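> A single structure is presented below for examination.
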Amino acid sequence: MFERLNQIEAKCDELTKALSSPEIISDSSRYQKTAKAHSEVAEIVEKYREFKDLRRGVDESKAMIAEESDAEMRAYAQEELTQLEERLARTEAELKVLLVPKDPNDEKNVVLEIRAGTGGDEATLFASEMFRMYSRYAETQRWKVEVLSTSESGVGGLKEVIAIIEGKGVYSRLKYESGVHRVQRVPATEQQGRVHTSAVTVAVLPEAEDVDVKIEAKDLRIDTFCSSGPGGQSVNTTYSAVRITHLPTNTVVSCQDEKSQIKNREKGMRVLRSRLYEMEMEKQQAALAKERKAQVGSGDRSEKIRTYNFPQNRVTDHRVGLTLHQLTDVMDGKLQAVIDALMAHDQAEKLKNPDEVIA
């Protein structure tokens, strides 16, 4: 590990010098690329230098204890040594975490898709509440939520909603949300007070850029149709809604939230790129022989990942065994405790596997 850290430190020094080079400064493209590479290693190098300072301090304290004849000074040095060794152990643990390879998609925006599952009208109502939950959480993170398409139910719920969430590190936090979310509560329409169980599926896709997925024009069929919705002059009068079909994969995306056909097409293409990117990611993951079943965030939408029990004010994440009796807060967007637990579990699983850490 330390040989690798020395290499990273040397690379960081080279990049630091390069950033002050007139040749790099004058080329904005090269400068941005160099700055990005520098930022990727700077945190590791800073922590490694802290580790080396602490290790020197430990050696000096040990030498003082061995050489000092005064009992009071030895006691002082021993107390300092104990503190330094504790800090050294913490710093080494933090270094190991920093050396775990980062998910290349972590900084991407996401396409969030929520669909009502089993449970009829009650499932659509919960799908609407789930979208509100993620929207409120996004507000706390200062992320931007842009709705691409919605399909409402007769009771005011959502059969489906697709949105893009933009901001810093969105995928790194929301990627664990893909799967089946189960709700247990008494529906408003229930006369006898019986608890019903419904389900909603959530898919979180990293938004793909043009460079991530190449889509040929000949592989697309684009149809236009009249928008449908709660009303308005443009509804059912102009062919502004767009349906895009990717012929090789038979992937279909529809978008009708904008009055402009061009804007709907742009939004639809963003969703299509992300879905195709996810398909490619799934192929790559399936090819990996060391896929661990215990890893959080596999993205398996058939997996029941969480239960929201309203009578008990309880939310339980089944993957990490986390139970919180704070369901009201969670549904109001206070998701950080759940997300922190999932991120910590994922990190711990990676650290168990030596192949996951940069050697």
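Just so we're on the same page: first chain in the structure tokens is A, next is B, and so on; residues restart at 1 for each chain, and ligands are numbered from 1 in the order they show up.
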Taking the DSSP assignment computed from this structure's backbone, write out as a VMD selection string all residues of stretch 123-289 of chain A that belong to alpha helix (DSSP H).
chain A and resid 123 to 140 170 to 174 261 to 287
> Tell me which of A:Ala348, A:Val195, A:Leu324, A:Val180 sits closest to A:Val97, counting only C-alpha atoms.
A:Ala348
> Hey, which of A:Arg56, A:Lys350, A:Arg306, A:Arg273 ends up closest to A:Val183? Count only C-alpha atoms.
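Distance minimum relative to A:Val183 lands on A:Arg306.
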> For the atom pair atom CA of A:Val202 and atom CA of A:Ile305, what is the interatomic distance in Å to one decimal place?
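So the two atoms, atom CA of A:Val202 and atom CA of A:Ile305, lie 10.2 Å apart.
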> Record the distance separating atom CA of A:Val186 and atom CA of A:Glu122, expressed in Å with one decimal.
9.4 Å
> Residues within 9 Å of A:Ile339, please, as a count of residues only. Count only C-alpha atoms; anything in the same chain fewer than 5 positions from it doesn't count.
5
> Please provide as number ranges by chain all residues within 10 Å of A:Asp257, with the sequence filter that same-chain residues fewer than 2 positions apart are discarded (counting only C-alpha atoms).
A: 147-150, 227-229, 240-242, 254-255, 259-261, 263-264, 267
> For a quick check of understanding, using only C-alpha atoms, which of A:Ile8, A:Val315, A:Met130, A:Ala71 has the smallest distance to A:Glu46?
A:Ile8
> Which residues are close to A:Ala123, i.e. within 9 Å by only C-alpha atoms, leaving aside same-chain residues fewer than 6 positions away? Reply as a ChimeraX atom specification.
/A:115-117,157-159,183,197-200
> Keeping only N, CA, C and O atoms, write the selected residues as an mmCIF file, in the first residue's frame.

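Output file out.cif follows:
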data_model
loop_
_atom_site.group_PDB
_atom_site.id
_atom_site.type_symbol
_atom_site.label_atom_id
_atom_site.label_comp_id
_atom_site.auth_asym_id
_atom_site.auth_seq_id
_atom_site.Cartn_x
_atom_site.Cartn_y
_atom_site.Cartn_z
ATOM 1 N N ARG A 115 -42.238 4.177 -10.447
ATOM 2 C CA ARG A 115 -43.452 3.591 -11.028
ATOM 3 C C ARG A 115 -44.260 2.880 -9.949
ATOM 4 O O ARG A 115 -43.700 2.175 -9.102
ATOM 5 N N ALA A 116 -45.568 3.062 -10.001
ATOM 6 C CA ALA A 116 -46.455 2.354 -9.083
ATOM 7 C C ALA A 116 -46.455 0.866 -9.438
ATOM 8 O O ALA A 116 -46.514 0.505 -10.613
ATOM 9 N N GLY A 117 -46.382 0.016 -8.414
ATOM 10 C CA GLY A 117 -46.389 -1.427 -8.632
ATOM 11 C C GLY A 117 -47.698 -2.023 -8.140
ATOM 12 O O GLY A 117 -48.780 -1.488 -8.411
ATOM 13 N N GLY A 157 -52.702 10.349 -7.711
ATOM 14 C CA GLY A 157 -51.365 9.781 -7.519
ATOM 15 C C GLY A 157 -50.591 9.769 -8.824
ATOM 16 O O GLY A 157 -51.014 10.367 -9.824
ATOM 17 N N LEU A 158 -49.466 9.074 -8.822
ATOM 18 C CA LEU A 158 -48.630 8.990 -10.017
ATOM 19 C C LEU A 158 -48.442 7.520 -10.413
ATOM 20 O O LEU A 158 -47.922 6.732 -9.631
ATOM 21 N N LYS A 159 -48.871 7.198 -11.630
ATOM 22 C CA LYS A 159 -48.576 5.866 -12.153
ATOM 23 C C LYS A 159 -47.089 5.768 -12.475
ATOM 24 O O LYS A 159 -46.469 4.719 -12.292
ATOM 25 N N VAL A 183 -44.758 -0.354 0.972
ATOM 26 C CA VAL A 183 -45.442 0.468 1.962
ATOM 27 C C VAL A 183 -46.547 -0.341 2.625
ATOM 28 O O VAL A 183 -47.274 -1.086 1.957
ATOM 29 N N THR A 197 -50.717 -3.673 1.878
ATOM 30 C CA THR A 197 -49.330 -3.620 1.422
ATOM 31 C C THR A 197 -49.299 -3.294 -0.067
ATOM 32 O O THR A 197 -49.963 -3.955 -0.865
ATOM 33 N N SER A 198 -48.562 -2.253 -0.413
ATOM 34 C CA SER A 198 -48.392 -1.857 -1.811
ATOM 35 C C SER A 198 -46.907 -1.726 -2.115
ATOM 36 O O SER A 198 -46.077 -1.778 -1.204
ATOM 37 N N ALA A 199 -46.587 -1.551 -3.383
ATOM 38 C CA ALA A 199 -45.174 -1.460 -3.761
ATOM 39 C C ALA A 199 -44.971 -0.442 -4.871
ATOM 40 O O ALA A 199 -45.855 -0.208 -5.708
ATOM 41 N N VAL A 200 -43.791 0.145 -4.846
ATOM 42 C CA VAL A 200 -43.363 1.102 -5.862
ATOM 43 C C VAL A 200 -41.959 0.715 -6.300
ATOM 44 O O VAL A 200 -41.141 0.315 -5.465
#
> So which residues touch A:Gln336 within 12 Å, counting only C-alpha atoms, skipping near sequence neighbours fewer than 6 positions away, as a list in words?
Met133, Tyr134, Arg136, Tyr137, Ala138, Thr140, Gln141, Arg173, Leu174, Leu324, Asp329, Val330, Leu342, Met343 and Ala344 of chain A
> Could the residues in this selection be saved with C-alpha atoms as a PDB file, in the first residue's frame?

ATOM      1  CA  MET A 133     -39.544  12.619  -0.599  1.00  0.00           C
ATOM      2  CA  TYR A 134     -36.702  12.609  -3.141  1.00  0.00           C
ATOM      3  CA  ARG A 136     -37.378  17.422  -0.649  1.00  0.00           C
ATOM      4  CA  TYR A 137     -34.073  15.609  -0.114  1.00  0.00           C
ATOM      5  CA  ALA A 138     -32.752  17.184  -3.319  1.00  0.00           C
ATOM      6  CA  THR A 140     -31.542  19.988   1.179  1.00  0.00           C
ATOM      7  CA  GLN A 141     -28.609  19.089  -1.102  1.00  0.00           C
ATOM      8  CA  ARG A 173     -25.925   9.261  -2.875  1.00  0.00           C
ATOM      9  CA  LEU A 174     -28.996   8.086  -4.768  1.00  0.00           C
ATOM     10  CA  LEU A 324     -35.568   3.863  12.114  1.00  0.00           C
ATOM     11  CA  ASP A 329     -39.117  12.599   8.892  1.00  0.00           C
ATOM     12  CA  VAL A 330     -37.890  10.251   6.148  1.00  0.00           C
ATOM     13  CA  LEU A 342     -25.854   2.403   2.949  1.00  0.00           C
ATOM     14  CA  MET A 343     -22.668   4.227   1.904  1.00  0.00           C
ATOM     15  CA  ALA A 344     -20.823   3.015   5.024  1.00  0.00           C
TER      16      ALA A 344
END
